[in-house]
$ cat start_17.cif   # mmCIF, C-alpha atoms
data_run
#
loop_
_atom_site.label_atom_id
_atom_site.label_comp_id
_atom_site.auth_asym_id
_atom_site.auth_seq_id
_atom_site.Cartn_x
_atom_site.Cartn_y
_atom_site.Cartn_z
CA MET Y 17 0.00 0.00 0.00
CA SER Y 18 1.37 3.33 -0.93
CA ILE Y 19 1.49 6.19 1.60
CA PRO Y 20 0.41 9.56 0.26
CA ALA Y 21 3.04 12.25 0.36
CA GLN Y 22 2.60 14.83 3.08
CA ARG Y 23 2.05 18.39 1.99
CA SER Y 24 4.04 21.20 3.43
CA GLY Y 25 2.26 22.65 6.48
CA ASP Y 26 0.22 19.54 7.26
CA THR Y 27 2.35 18.60 10.24
CA ALA Y 28 4.58 20.66 12.55
CA ALA Y 29 7.96 19.86 13.99
CA PRO Y 30 7.98 18.21 17.42
CA GLY Y 31 7.62 20.73 20.25
CA SER Y 32 6.35 23.56 18.01
CA PRO Y 33 2.94 25.20 18.59
CA PRO Y 34 0.04 24.06 16.42
CA ALA Y 35 -0.80 25.91 13.29
CA GLY Y 36 -2.71 29.09 13.86
CA ALA Y 37 -1.65 29.43 17.54
CA PRO Y 38 -0.32 32.86 18.62
CA SER Y 39 3.45 33.08 18.92
CA PRO Y 40 4.76 33.58 22.48
CA PHE Y 41 7.33 36.05 21.09
CA ARG Y 42 4.77 38.23 19.33
CA GLY Y 43 4.60 40.86 22.12
CA LEU Y 44 8.22 40.58 23.17
CA GLY Y 45 9.41 43.20 20.70
CA ARG Y 46 6.75 45.69 21.77
CA THR Y 47 7.57 45.09 25.45
CA PHE Y 48 11.27 45.66 24.82
CA ASP Y 49 10.57 48.82 22.82
CA ALA Y 50 8.31 50.17 25.57
CA ALA Y 51 10.91 49.43 28.25
CA LEU Y 52 13.62 51.06 26.15
CA ALA Y 53 11.45 54.13 25.59
CA ARG Y 54 10.76 54.43 29.32
CA GLY Y 55 14.47 54.10 30.10
CA VAL Y 56 15.47 56.73 27.56
CA GLY Y 57 12.74 59.02 28.84
CA ASN Y 58 13.94 58.66 32.43
CA VAL Y 59 17.51 59.70 31.64
CA THR Y 60 16.57 62.55 29.32
CA ARG Y 61 13.49 64.17 30.84
CA ARG Y 62 14.87 64.66 34.36
CA ALA Y 63 18.05 64.67 36.41
CA LEU Y 64 17.97 61.48 38.47
CA GLY Y 65 18.82 61.24 42.15
CA PRO Y 66 18.27 64.87 43.15
CA TYR Y 67 18.28 64.11 46.88
CA GLN Y 68 21.25 61.77 46.67
CA THR Y 69 23.23 64.35 44.70
CA ALA Y 70 22.34 67.01 47.25
CA MET Y 71 23.59 64.75 50.04
CA VAL Y 72 26.89 64.27 48.23
CA ARG Y 73 27.19 68.03 47.76
CA ILE Y 74 26.43 68.80 51.40
CA GLY Y 75 28.62 65.99 52.69
CA PHE Y 76 31.75 67.00 50.82
CA ALA Y 77 31.17 70.69 51.51
CA VAL Y 78 31.00 69.95 55.25
CA THR Y 79 34.10 67.76 55.03
CA VAL Y 80 36.23 70.33 53.20
CA LEU Y 81 35.00 73.25 55.31
CA GLY Y 82 35.59 71.36 58.55
CA PHE Y 83 39.10 70.37 57.48
CA LEU Y 84 40.04 73.91 56.43
CA LEU Y 85 38.72 75.32 59.70
CA HIS Y 86 40.52 72.66 61.73
CA GLU Y 87 43.83 73.28 59.98
CA TRP Y 88 43.45 77.07 59.82
CA PRO Y 89 46.20 77.70 62.42
CA ASN Y 90 48.56 75.40 60.47
CA ARG Y 91 47.62 76.50 56.97
CA HIS Y 92 50.96 78.20 56.20
CA GLU Y 93 52.95 75.10 57.12
CA MET Y 94 50.65 72.77 55.20
CA TYR Y 95 49.92 74.59 51.95
CA GLY Y 96 51.44 78.05 52.28
CA PRO Y 97 54.85 79.68 51.92
CA ASP Y 98 56.17 77.98 55.09
CA SER Y 99 55.52 74.45 53.82
CA PRO Y 100 58.48 72.03 53.95
CA TRP Y 101 57.48 71.06 50.41
CA GLY Y 102 58.92 74.26 49.00
CA PHE Y 103 57.65 76.39 46.16
CA ASP Y 104 60.37 75.24 43.73
CA LEU Y 105 59.83 71.56 44.50
CA ALA Y 106 56.07 71.91 44.12
CA THR Y 107 56.47 73.76 40.82
CA GLU Y 108 58.77 71.09 39.40
CA PHE Y 109 56.47 68.31 40.57
CA VAL Y 110 53.36 69.92 39.06
CA ASP Y 111 55.15 70.59 35.78
CA ASN Y 112 55.99 66.89 35.51
CA ASN Y 113 52.55 65.44 36.29
CA GLY Y 114 50.37 68.20 34.82
CA ALA Y 115 48.33 68.79 37.98
CA PHE Y 116 46.37 71.99 38.46
CA THR Y 117 46.93 74.46 41.29
CA VAL Y 118 46.58 78.22 41.37
CA LEU Y 119 48.77 78.45 44.47
CA LEU Y 120 51.84 78.18 42.25
CA TRP Y 121 50.85 81.26 40.26
CA SER Y 122 52.49 83.32 42.99
CA GLY Y 123 54.54 82.61 46.10
CA SER Y 124 53.22 85.57 48.10
CA THR Y 125 51.39 85.15 51.38
CA THR Y 126 48.57 87.42 50.21
CA TRP Y 127 47.80 85.21 47.25
CA PHE Y 128 47.80 82.11 49.44
CA GLU Y 129 45.45 83.70 51.96
CA LEU Y 130 43.10 84.73 49.16
CA VAL Y 131 42.95 81.23 47.68
CA TYR Y 132 42.59 79.50 51.05
CA HIS Y 133 39.73 81.69 52.28
CA LEU Y 134 38.04 81.73 48.87
CA THR Y 135 37.97 77.92 49.06
CA MET Y 136 36.30 78.20 52.46
CA LEU Y 137 33.69 80.57 51.03
CA ALA Y 138 33.09 78.19 48.12
CA SER Y 139 32.57 75.38 50.64
CA VAL Y 140 29.93 77.46 52.43
CA ALA Y 141 28.26 78.26 49.10
CA MET Y 142 28.16 74.56 48.23
CA LEU Y 143 26.80 73.69 51.64
CA LEU Y 144 23.96 76.18 51.22
CA GLY Y 145 23.49 75.47 47.51
CA TRP Y 146 24.03 79.09 46.50
CA ARG Y 147 24.72 79.45 42.76
CA SER Y 148 25.69 75.80 42.65
CA ARG Y 149 26.82 75.89 39.00
CA THR Y 150 29.40 78.56 39.75
CA SER Y 151 30.26 77.59 43.32
CA SER Y 152 30.89 73.95 42.36
CA LEU Y 153 33.50 75.07 39.83
CA VAL Y 154 35.22 77.43 42.30
CA PHE Y 155 34.99 74.70 44.95
CA MET Y 156 36.73 72.23 42.66
CA LEU Y 157 39.51 74.67 41.71
CA GLY Y 158 40.14 75.57 45.35
CA VAL Y 159 40.29 71.97 46.56
CA LEU Y 160 42.56 70.87 43.72
CA SER Y 161 44.82 73.88 44.28
CA LEU Y 162 45.33 73.07 47.96
CA GLN Y 163 45.79 69.33 47.49
CA ASN Y 164 48.19 69.63 44.54
CA ARG Y 165 50.28 72.22 46.37
CA SER Y 166 51.41 69.61 48.93
CA VAL Y 167 50.58 66.20 47.53
CA PHE Y 168 52.26 64.21 50.30
CA LEU Y 169 49.85 65.44 52.98
CA GLY Y 170 46.85 63.54 51.65
CA ASP Y 171 45.36 60.17 52.54
CA GLY Y 172 42.60 57.98 51.16
CA GLY Y 173 39.92 60.49 52.10
CA ASP Y 174 41.72 63.26 50.20
CA ASN Y 175 41.83 61.06 47.11
CA VAL Y 176 38.07 60.56 47.34
CA ILE Y 177 37.53 64.32 47.74
CA HIS Y 178 39.86 64.95 44.79
CA LEU Y 179 37.67 62.82 42.54
CA MET Y 180 34.25 63.79 43.82
CA VAL Y 181 34.73 67.56 43.55
CA MET Y 182 35.42 67.08 39.85
CA TYR Y 183 32.32 64.94 39.36
CA LEU Y 184 30.10 67.40 41.23
CA VAL Y 185 30.84 70.10 38.65
CA LEU Y 186 28.99 68.03 36.05
CA THR Y 187 25.92 67.36 38.22
CA ARG Y 188 22.84 69.40 38.97
CA CYS Y 189 23.51 69.21 42.68
CA GLY Y 190 21.34 72.19 43.64
CA GLN Y 191 17.91 70.84 42.64
CA VAL Y 192 16.77 70.35 46.24
CA TRP Y 193 17.87 71.46 49.71
CA SER Y 194 19.55 74.58 48.35
CA LEU Y 195 19.14 78.32 48.09
CA ASP Y 196 18.91 77.86 44.33
CA ALA Y 197 15.84 75.65 44.71
CA ARG Y 198 14.23 78.12 47.11
CA ARG Y 199 14.90 81.00 44.72
CA ARG Y 200 13.36 79.11 41.81
CA ALA Y 201 10.31 78.22 43.93
CA ARG Y 202 9.79 81.82 45.00
CA HIS Y 203 10.29 83.28 41.52
CA PRO Y 204 9.23 80.63 38.98
CA ASP Y 205 8.66 83.23 36.23
CA ARG Y 206 11.85 85.16 36.81
CA ARG Y 207 13.46 86.38 33.60
CA PRO Y 208 17.18 85.81 32.85
CA THR Y 209 17.69 89.57 32.61
CA ASP Y 210 16.79 89.88 36.30
CA ASP Y 211 19.62 87.60 37.36
CA ARG Y 212 22.23 90.30 37.85
CA VAL Y 213 24.22 88.29 40.41
CA GLY Y 214 24.68 85.40 38.00
CA VAL Y 215 25.78 87.70 35.20
CA ALA Y 216 28.24 89.46 37.52
CA LEU Y 217 29.79 86.15 38.64
CA TRP Y 218 30.07 85.02 35.04
CA ALA Y 219 31.79 88.28 34.05
CA VAL Y 220 34.26 88.19 36.97
CA LEU Y 221 35.23 84.58 36.33
CA GLY Y 222 35.63 85.30 32.63
CA ALA Y 223 37.95 88.22 33.35
CA VAL Y 224 40.08 86.11 35.70
CA LEU Y 225 40.25 83.30 33.15
CA LEU Y 226 41.24 85.69 30.37
CA VAL Y 227 44.06 87.21 32.44
CA ALA Y 228 45.31 83.74 33.41
CA LEU Y 229 45.37 82.62 29.77
CA LEU Y 230 47.06 85.77 28.47
CA THR Y 231 49.76 85.72 31.16
CA GLY Y 232 50.48 82.03 30.68
CA LYS Y 233 49.39 80.97 34.16
CA ILE Y 234 47.24 78.25 32.58
CA ASP Y 235 49.47 76.63 29.99
CA SER Y 236 47.81 73.21 29.93
CA PRO Y 237 45.63 72.69 26.82
CA VAL Y 238 43.33 70.37 28.75
CA TRP Y 239 42.64 72.82 31.54
CA SER Y 240 42.40 75.73 29.12
CA LEU Y 241 39.74 73.95 27.09
CA PHE Y 242 37.87 72.72 30.15
CA LEU Y 243 37.71 76.06 31.95
CA GLY Y 244 36.99 77.97 28.75
CA GLY Y 245 34.29 75.47 27.84
CA MET Y 246 32.63 75.72 31.25
CA TRP Y 247 32.59 79.51 30.98
CA LEU Y 248 31.08 79.36 27.49
CA VAL Y 249 28.44 76.88 28.65
CA GLN Y 250 27.36 79.30 31.38
CA GLY Y 251 26.97 82.08 28.84
CA TYR Y 252 25.21 79.79 26.39
CA TRP Y 253 22.68 78.76 29.03
CA TRP Y 254 21.88 82.41 29.80
CA LEU Y 255 21.43 83.19 26.10
CA ILE Y 256 19.15 80.19 25.58
CA ARG Y 257 16.95 81.23 28.50
CA ARG Y 258 16.91 84.83 27.29
CA PHE Y 259 16.34 84.52 23.54
CA ALA Y 260 15.29 80.91 22.78
CA PRO Y 261 13.02 79.53 25.51
CA GLY Y 262 11.38 77.03 23.16
CA GLU Y 263 12.87 73.96 21.49
CA PRO Y 264 16.55 75.00 21.92
CA ARG Y 265 15.92 75.32 25.65
CA ILE Y 266 14.33 71.85 25.74
CA VAL Y 267 17.21 70.26 23.82
CA SER Y 268 19.78 71.99 26.05
CA ASP Y 269 17.92 70.81 29.13
CA VAL Y 270 17.97 67.22 27.83
CA ILE Y 271 21.73 67.45 27.28
CA GLY Y 272 22.16 68.79 30.81
CA ASN Y 273 20.14 65.87 32.20
CA LEU Y 274 22.26 63.39 30.27
CA VAL Y 275 25.48 64.92 31.60
CA HIS Y 276 24.12 64.91 35.15
CA ASN Y 277 22.95 61.30 34.95
CA ALA Y 278 26.25 60.18 33.41
CA ALA Y 279 28.20 61.91 36.19
CA LEU Y 280 25.93 60.33 38.82
CA LEU Y 281 26.55 56.91 37.27
CA VAL Y 282 30.31 57.55 37.39
CA ILE Y 283 30.07 58.47 41.08
CA MET Y 284 28.23 55.25 41.84
CA ALA Y 285 30.72 53.22 39.82
CA GLU Y 286 33.59 54.96 41.62
CA VAL Y 287 32.17 53.93 44.99
CA CYS Y 288 31.96 50.33 43.85
CA VAL Y 289 35.50 50.36 42.46
CA ILE Y 290 36.91 51.83 45.69
CA TYR Y 291 35.27 49.24 47.94
CA ALA Y 292 35.87 46.30 45.63
CA THR Y 293 39.54 47.21 45.21
CA ALA Y 294 40.02 47.75 48.94
CA GLY Y 295 38.31 44.47 49.80
CA TRP Y 296 40.17 42.29 47.30
CA TYR Y 297 43.53 43.81 48.19
CA LYS Y 298 42.83 43.10 51.86
CA ILE Y 299 42.15 39.46 51.05
CA GLN Y 300 45.70 39.13 49.74
CA GLY Y 301 47.24 40.35 53.01
CA THR Y 302 48.31 37.77 55.58
CA ARG Y 303 47.14 39.88 58.53
CA TRP Y 304 43.67 40.10 57.03
CA GLN Y 305 43.67 36.39 56.32
CA ASP Y 306 44.50 35.39 59.90
CA GLY Y 307 42.03 37.94 61.32
CA THR Y 308 44.48 40.20 63.20
CA ALA Y 309 44.78 43.25 60.91
CA VAL Y 310 42.54 45.51 63.00
CA TYR Y 311 44.62 44.80 66.13
CA TYR Y 312 47.72 46.72 64.99
CA PRO Y 313 46.32 50.24 64.32
CA MET Y 314 44.55 50.09 67.68
CA ASN Y 315 47.94 49.82 69.39
CA LEU Y 316 49.65 52.64 67.52
CA ASP Y 317 49.99 55.86 69.49
CA TYR Y 318 49.34 57.89 66.35
CA PHE Y 319 45.83 56.44 66.03
CA ASN Y 320 45.11 55.79 69.71
CA VAL Y 321 42.55 58.47 70.49
CA TRP Y 322 40.70 56.59 73.24
CA PRO Y 323 43.35 54.36 74.88
CA GLU Y 324 40.94 52.65 77.29
CA LEU Y 325 38.44 51.77 74.56
CA SER Y 326 41.14 50.63 72.15
CA GLU Y 327 42.72 48.50 74.87
CA PHE Y 328 39.37 46.90 75.66
CA LEU Y 329 38.66 46.05 72.02
CA ALA Y 330 42.20 44.88 71.29
CA GLY Y 331 42.11 42.60 74.32
CA SER Y 332 39.29 40.49 72.86
CA GLY Y 333 40.37 38.10 70.12
CA LEU Y 334 36.76 37.48 69.14
CA ILE Y 335 36.05 41.20 68.56
CA ILE Y 336 39.28 41.69 66.58
CA THR Y 337 38.54 38.69 64.37
CA ALA Y 338 34.94 39.77 63.80
CA LEU Y 339 35.97 43.34 62.90
CA THR Y 340 38.73 42.14 60.56
CA TYR Y 341 36.68 39.58 58.66
CA GLY Y 342 33.57 41.75 58.75
CA THR Y 343 35.39 44.66 57.12
CA VAL Y 344 36.61 42.48 54.27
CA MET Y 345 33.27 40.78 53.69
CA VAL Y 346 31.30 44.03 53.67
CA GLN Y 347 33.68 45.73 51.23
CA VAL Y 348 33.80 42.79 48.85
CA ALA Y 349 30.05 42.18 48.96
CA PHE Y 350 28.92 45.78 48.63
CA PRO Y 351 29.04 46.04 44.79
CA PHE Y 352 27.07 42.78 44.49
CA ALA Y 353 24.52 43.88 47.10
CA LEU Y 354 23.38 46.68 44.78
CA PHE Y 355 21.28 44.12 42.90
CA ASN Y 356 19.07 43.69 45.99
CA ARG Y 357 17.60 46.75 47.66
CA ARG Y 358 17.36 45.28 51.16
CA ALA Y 359 20.87 43.83 51.09
CA LYS Y 360 22.20 47.15 49.82
CA ASN Y 361 20.56 49.09 52.64
CA VAL Y 362 21.90 46.69 55.28
CA LEU Y 363 25.46 46.85 53.96
CA LEU Y 364 25.19 50.62 53.61
CA VAL Y 365 24.40 50.91 57.32
CA LEU Y 366 27.32 48.62 58.13
CA MET Y 367 29.70 50.63 55.93
CA MET Y 368 28.70 53.93 57.50
CA GLY Y 369 28.97 52.39 60.95
CA GLU Y 370 32.47 51.22 60.09
CA HIS Y 371 33.47 54.75 59.09
CA VAL Y 372 32.02 56.16 62.30
CA GLY Y 373 34.13 53.62 64.21
CA ILE Y 374 37.24 54.67 62.28
CA ALA Y 375 36.55 58.31 63.12
CA LEU Y 376 36.15 57.58 66.84
CA LEU Y 377 38.83 54.94 67.37
CA MET Y 378 41.54 56.10 64.98
CA GLY Y 379 41.01 59.86 65.03
CA LEU Y 380 40.30 60.21 61.30
CA PRO Y 381 37.08 62.24 61.26
CA PHE Y 382 37.54 63.90 57.88
CA PHE Y 383 38.43 60.63 56.16
CA SER Y 384 35.27 59.10 57.60
CA LEU Y 385 33.16 62.12 56.62
CA ALA Y 386 34.43 61.89 53.05
CA MET Y 387 33.61 58.18 52.86
CA ILE Y 388 30.14 58.66 54.38
CA ALA Y 389 29.45 61.51 51.94
CA MET Y 390 30.48 59.21 49.12
CA ASP Y 391 28.26 56.39 50.42
CA SER Y 392 25.24 58.70 50.64
CA VAL Y 393 24.75 58.46 46.88
CA PHE Y 394 23.12 55.07 47.57
CA LEU Y 395 20.78 56.21 50.35
CA PRO Y 396 17.09 55.44 49.68
CA THR Y 397 14.99 58.36 48.54
CA VAL Y 398 12.28 57.53 51.09
CA PHE Y 399 14.77 57.85 53.92
CA LEU Y 400 16.11 61.14 52.57
CA LEU Y 401 12.59 62.54 52.24
CA TRP Y 402 11.82 61.49 55.81
CA MET Y 403 15.05 63.07 57.03
CA GLY Y 404 14.25 66.27 55.14
CA SER Y 405 10.75 66.45 56.61
CA ARG Y 406 12.10 65.96 60.12
CA THR Y 407 14.66 68.68 59.55
CA ASP Y 408 11.98 71.06 58.28
CA HIS Y 409 9.80 70.26 61.28
CA LEU Y 410 12.67 70.92 63.69
CA ARG Y 411 13.55 74.16 61.94
CA ALA Y 412 9.93 75.32 62.06
CA ARG Y 413 9.79 74.64 65.80
CA LEU Y 414 12.99 76.59 66.37
CA MET Y 415 11.67 79.51 64.32
CA ARG Y 416 8.42 79.55 66.31
CA ARG Y 417 10.33 79.60 69.57
CA ARG Y 418 12.47 82.48 68.40
CA SER Y 419 9.53 84.50 67.12
CA THR Y 420 7.35 83.91 70.21
CA PRO Y 421 8.08 86.03 73.31
CA ALA Y 422 9.14 84.20 76.43
CA ASP Y 423 6.02 85.30 78.31
CA ALA Y 424 3.76 84.03 75.54
CA GLN Y 425 5.36 80.58 75.51
CA ALA Y 426 4.08 79.63 78.97
CA PRO Y 427 0.42 78.59 79.00
CA PRO Y 428 -1.91 80.93 80.90
CA ALA Y 429 -2.69 79.95 84.48
CA PRO Y 430 -6.19 78.57 84.89
CA ALA Y 431 -8.66 80.94 86.47
CA GLU Y 432 -9.60 80.14 90.05
CA GLN Y 433 -13.00 78.49 90.11
CA PRO Y 434 -15.40 78.91 93.07
CA SER Y 435 -15.83 75.82 95.14
CA PRO Y 436 -19.09 73.99 94.55
CA ALA Y 437 -21.72 74.01 97.25
CA TRP Y 438 -21.33 70.34 98.09
CA ALA Y 439 -17.56 70.87 98.67
CA ALA Y 440 -18.25 73.78 101.01
CA LYS Y 441 -20.59 71.62 103.07
CA GLY Y 442 -17.82 69.12 103.64
#
$ encode --input "start_17.cif" --output "C-alpha cells"
Amino acid sequence: MSIPAQRSGDTAAPGSPPAGAPSPFRGLGRTFDAALARGVGNVTRRALGPYQTAMVRIGFAVTVLGFLLHEWPNRHEMYGPDSPWGFDLATEFVDNNGAFTVLLWSGSTTWFELVYHLTMLASVAMLLGWRSRTSSLVFMLGVLSLQNRSVFLGDGGDNVIHLMVMYLVLTRCGQVWSLDARRRARHPDRRPTDDRVGVALWAVLGAVLLVALLTGKIDSPVWSLFLGGMWLVQGYWWLIRRFAPGEPRIVSDVIGNLVHNAALLVIMAEVCVIYATAGWYKIQGTRWQDGTAVYYPMNLDYFNVWPELSEFLAGSGLIITALTYGTVMVQVAFPFALFNRRAKNVLLVLMMGEHVGIALLMGLPFFSLAMIAMDSVFLPTVFLLWMGSRTDHLRARLMRRRSTPADAQAPPAPAEQPSPAWAAKG
C-alpha cells in the first residue's frame, strides 16, 4: 500500500505550537521597545537622584569646610609659603605630572590667603546650595589647588575628595535642599535679565580666566579647554533662556540631564571600584587572612585616640577577628549587594557604621566624613525625604520659639474656680 506524500504545512515539527496558535514572542518586541522608551525618557526628561546628589554636595562641603577650619592655624605650614614642600619643588612636581593648582601662580602670602579663604567661602556656598553651578567650579579649583600644592599630605579620604569635587561640577547638585531651589520656587517666572548676580559672577570669572590665559598661568591645553568650555556653557545657558526659551531650551535641558545622569553613574561606579579594590587587596594580606589586621592600628599611638576603649577592644580576640573579617566581607560584597535593595541598605548601614568607628577609634574624622558623603549616593529616597521632613519640622519649631516672646510661651494659668456648694458643706 502506498502512503500519500505529506504536503508542506500539514504537520509541525515536534515541540512547536500548532498551526494558527499565537506566537509567544509576538509581544516581546513591543515590550522591549516600551521598556527602552521608558528608560530613555527617564535619563533625558529629568536629572535622576536629586536628593542623593544634594547629600553628596552637602557631605563634601561639610568635610572640606571642617578640614580647612581645623587646619586654619597650620595652613601656612601645610599649603602656604612655610611648607616644607617648597615652592620650587612643588612647581617642578606639578610641571611633571600636569596637575592643576593656582597656588603656584604666585609665592606671596597674600595670594595664598586669598585662595585658602576663597575655598572656604566656596565650601559654604556649596553647603547652602548658592549658585551651585558657579560655586561647584570654584569649589573644585580651590580643593585641587590646595591638594596639589602639597601632595604628600593627603590620605585615602583626600583622594576621594579629589575625585568627587570634579564629578560634582557636572551634576545638577542644587535641585533640592539649596538656596537655588528656594529662589526658583519663589520666583518661577523670573526672567534671565533679572539675574544680575549670575551675570556678575560670570563676568568676573571670565575676566580672571582671560588674564590667566594671556599671562600664561594656565598653559595646559586640557585645563584651558575645560575652563573655557565651562565659561562658554554658562553664557550659552543664559542666552538660551533669554532669547530661545522654546525647542533650543528643551534640547539643552535634555543634554544637561544626560550629563548629570552620566556623572551620577560615574560616582556610583567609583564607589563600587573603591570598595571592591580595597576588599580584594585586603584578602591578599596575611594579617587580614588570619584575622588580626585591626589589632595593629589600635595599638599605635598615632591612632590611639581613646586608649581605654582601644585596649578593651584589642584585648578580645573574638572582637578583633569579627571586625577584621567583617570589614573584608562588607567591602567585597557591597558592589554585588546593589542588585538587591534590602541587602544594599543593610550593607550601607554597616559601611557607614564602620566609618564612624574609624573616626572615633583612629582619630580620622575627615576621612570618615568623606567616605560617608560618598556612600550617601546610595541612600534610599524615602529615607532622605523622611530626614528632610524631620529637619523642616525641627527648623519650624525653632523659628516659632524664636519669634514667640518668652512670656507668651508659657500657657496661661487657669482661672480660680469657686468651690461647689457640696464641697463647702464638707
$ closest_residue --input "start_17.cif" --among "Y:Ala138, Y:Ala106, Y:Leu225, Y:Ala63" --to "Val275 (chain Y)" --atoms "all atoms listed in the file"
Y:Ala63
$ closest_residue --input "start_17.cif" --among "Y:Leu130, Y:Ala292, Y:Leu376, Y:Ile271" --to "Asn320 (chain Y)" --atoms "only C-alpha atoms"
Y:Leu376
$ closest_residue --input "start_17.cif" --among "Y:Ile290, Y:Leu144, Y:Ile336, Y:Met136" --to "Asp306 (chain Y)" --atoms "all atoms listed in the file"
Y:Ile336
$ atom_distance --input "start_17.cif" --atom1 "CA of Gln68 (chain Y)" --atom2 "CA of Val393 (chain Y)"
4.8 Å
$ closest_residue --input "start_17.cif" --among "Y:Arg358, Y:Asp235, Y:Arg206, Y:Gly251" --to "Ala219 (chain Y)" --atoms "only C-alpha atoms"
Y:Gly251
$ closest_atom_pairs --input "start_17.cif" --of "region 203-249 of chain Y" --to "region 253-268 of chain Y" --cutoff "12 Å" --atoms "only C-alpha atoms" --output "JSON lines"
{"residue": "Y:Asp205", "atom": "CA", "partner": "Y:Arg257", "partner_atom": "CA", "distance": 11.5}
{"residue": "Y:Arg206", "atom": "CA", "partner": "Y:Arg257", "partner_atom": "CA", "distance": 10.5}
{"residue": "Y:Arg207", "atom": "CA", "partner": "Y:Arg258", "partner_atom": "CA", "distance": 7.4}
{"residue": "Y:Pro208", "atom": "CA", "partner": "Y:Arg258", "partner_atom": "CA", "distance": 5.7}
{"residue": "Y:Thr209", "atom": "CA", "partner": "Y:Arg258", "partner_atom": "CA", "distance": 7.2}
{"residue": "Y:Asp210", "atom": "CA", "partner": "Y:Arg258", "partner_atom": "CA", "distance": 10.3}
{"residue": "Y:Asp211", "atom": "CA", "partner": "Y:Trp254", "partner_atom": "CA", "distance": 9.4}
{"residue": "Y:Arg212", "atom": "CA", "partner": "Y:Trp254", "partner_atom": "CA", "distance": 11.3}
{"residue": "Y:Gly214", "atom": "CA", "partner": "Y:Trp254", "partner_atom": "CA", "distance": 9.2}
{"residue": "Y:Val215", "atom": "CA", "partner": "Y:Trp254", "partner_atom": "CA", "distance": 8.5}
{"residue": "Y:Trp218", "atom": "CA", "partner": "Y:Trp254", "partner_atom": "CA", "distance": 10.1}
{"residue": "Y:Met246", "atom": "CA", "partner": "Y:Trp253", "partner_atom": "CA", "distance": 10.6}
{"residue": "Y:Trp247", "atom": "CA", "partner": "Y:Trp253", "partner_atom": "CA", "distance": 10.1}
{"residue": "Y:Leu248", "atom": "CA", "partner": "Y:Trp253", "partner_atom": "CA", "distance": 8.6}
{"residue": "Y:Val249", "atom": "CA", "partner": "Y:Trp253", "partner_atom": "CA", "distance": 6.1}
$ resolve_selection --input "start_17.cif" --expression "the PyMOL selection byres ((chain Y and resi 157) around 10)" --output "JSON list (two decimals) with C-alpha atoms, in the frame of the given file"
[["chain", "number", "residue", "atom", "x", "y", "z"],
["Y", 116, "PHE", "CA", 46.37, 71.99, 38.46],
["Y", 117, "THR", "CA", 46.93, 74.46, 41.29],
["Y", 118, "VAL", "CA", 46.58, 78.22, 41.37],
["Y", 131, "VAL", "CA", 42.95, 81.23, 47.68],
["Y", 135, "THR", "CA", 37.97, 77.92, 49.06],
["Y", 138, "ALA", "CA", 33.09, 78.19, 48.12],
["Y", 151, "SER", "CA", 30.26, 77.59, 43.32],
["Y", 152, "SER", "CA", 30.89, 73.95, 42.36],
["Y", 153, "LEU", "CA", 33.50, 75.07, 39.83],
["Y", 154, "VAL", "CA", 35.22, 77.43, 42.30],
["Y", 155, "PHE", "CA", 34.99, 74.70, 44.95],
["Y", 156, "MET", "CA", 36.73, 72.23, 42.66],
["Y", 158, "GLY", "CA", 40.14, 75.57, 45.35],
["Y", 159, "VAL", "CA", 40.29, 71.97, 46.56],
["Y", 160, "LEU", "CA", 42.56, 70.87, 43.72],
["Y", 161, "SER", "CA", 44.82, 73.88, 44.28],
["Y", 162, "LEU", "CA", 45.33, 73.07, 47.96],
["Y", 181, "VAL", "CA", 34.73, 67.56, 43.55],
["Y", 182, "MET", "CA", 35.42, 67.08, 39.85]]
$ atom_distance --input "start_17.cif" --atom1 "CA of Gly102 (chain Y)" --atom2 "CA of Val176 (chain Y)"
25.0 Å
$ resolve_selection --input "start_17.cif" --expression "the PyMOL selection byres ((chain Y and resi 366) around 12)" --output "ChimeraX atom specification"
/Y:339,342-347,349-350,359-365,367-373,388,391
$ residues_around --input "start_17.cif" --residues "Leu274 (chain Y)" --least-positions-apart "6" --cutoff "9 Å" --atoms "only C-alpha atoms" --output "PyMOL selection string"
chain Y and resi 59-63
$ residues_around --input "start_17.cif" --residues "Leu281 (chain Y)" --least-positions-apart "2" --cutoff "12 Å" --atoms "only C-alpha atoms" --output "ChimeraX atom specification"
/Y:59,63-65,68-69,183-184,186-187,274-279,283-288,393-394
$ atom_distance --input "start_17.cif" --atom1 "CA of Gly82 (chain Y)" --atom2 "CA of His178 (chain Y)"
15.8 Å
$ build_atoms --input "start_17.cif" --residues "region 300-305 of chain Y" --atoms "N, CA, C and O atoms" --output "mmCIF file, in the coordinates of the input"
data_model
loop_
_atom_site.group_PDB
_atom_site.id
_atom_site.type_symbol
_atom_site.label_atom_id
_atom_site.label_comp_id
_atom_site.auth_asym_id
_atom_site.auth_seq_id
_atom_site.Cartn_x
_atom_site.Cartn_y
_atom_site.Cartn_z
ATOM 1 N N GLN Y 300 44.358 39.605 50.051
ATOM 2 C CA GLN Y 300 45.700 39.130 49.740
ATOM 3 C C GLN Y 300 46.689 39.316 50.889
ATOM 4 O O GLN Y 300 47.790 38.765 50.855
ATOM 5 N N GLY Y 301 46.334 40.112 51.891
ATOM 6 C CA GLY Y 301 47.240 40.350 53.010
ATOM 7 C C GLY Y 301 47.151 39.255 54.059
ATOM 8 O O GLY Y 301 46.065 38.784 54.406
ATOM 9 N N THR Y 302 48.284 38.857 54.595
ATOM 10 C CA THR Y 302 48.310 37.770 55.580
ATOM 11 C C THR Y 302 47.630 38.175 56.881
ATOM 12 O O THR Y 302 46.987 37.353 57.538
ATOM 13 N N ARG Y 303 47.766 39.434 57.285
ATOM 14 C CA ARG Y 303 47.140 39.880 58.530
ATOM 15 C C ARG Y 303 45.621 39.895 58.408
ATOM 16 O O ARG Y 303 44.920 39.661 59.401
ATOM 17 N N TRP Y 304 45.112 40.164 57.230
ATOM 18 C CA TRP Y 304 43.670 40.100 57.030
ATOM 19 C C TRP Y 304 43.207 38.650 56.919
ATOM 20 O O TRP Y 304 42.069 38.327 57.289
ATOM 21 N N GLN Y 305 44.054 37.788 56.425
ATOM 22 C CA GLN Y 305 43.670 36.390 56.320
ATOM 23 C C GLN Y 305 43.608 35.704 57.676
ATOM 24 O O GLN Y 305 42.728 34.858 57.908
#
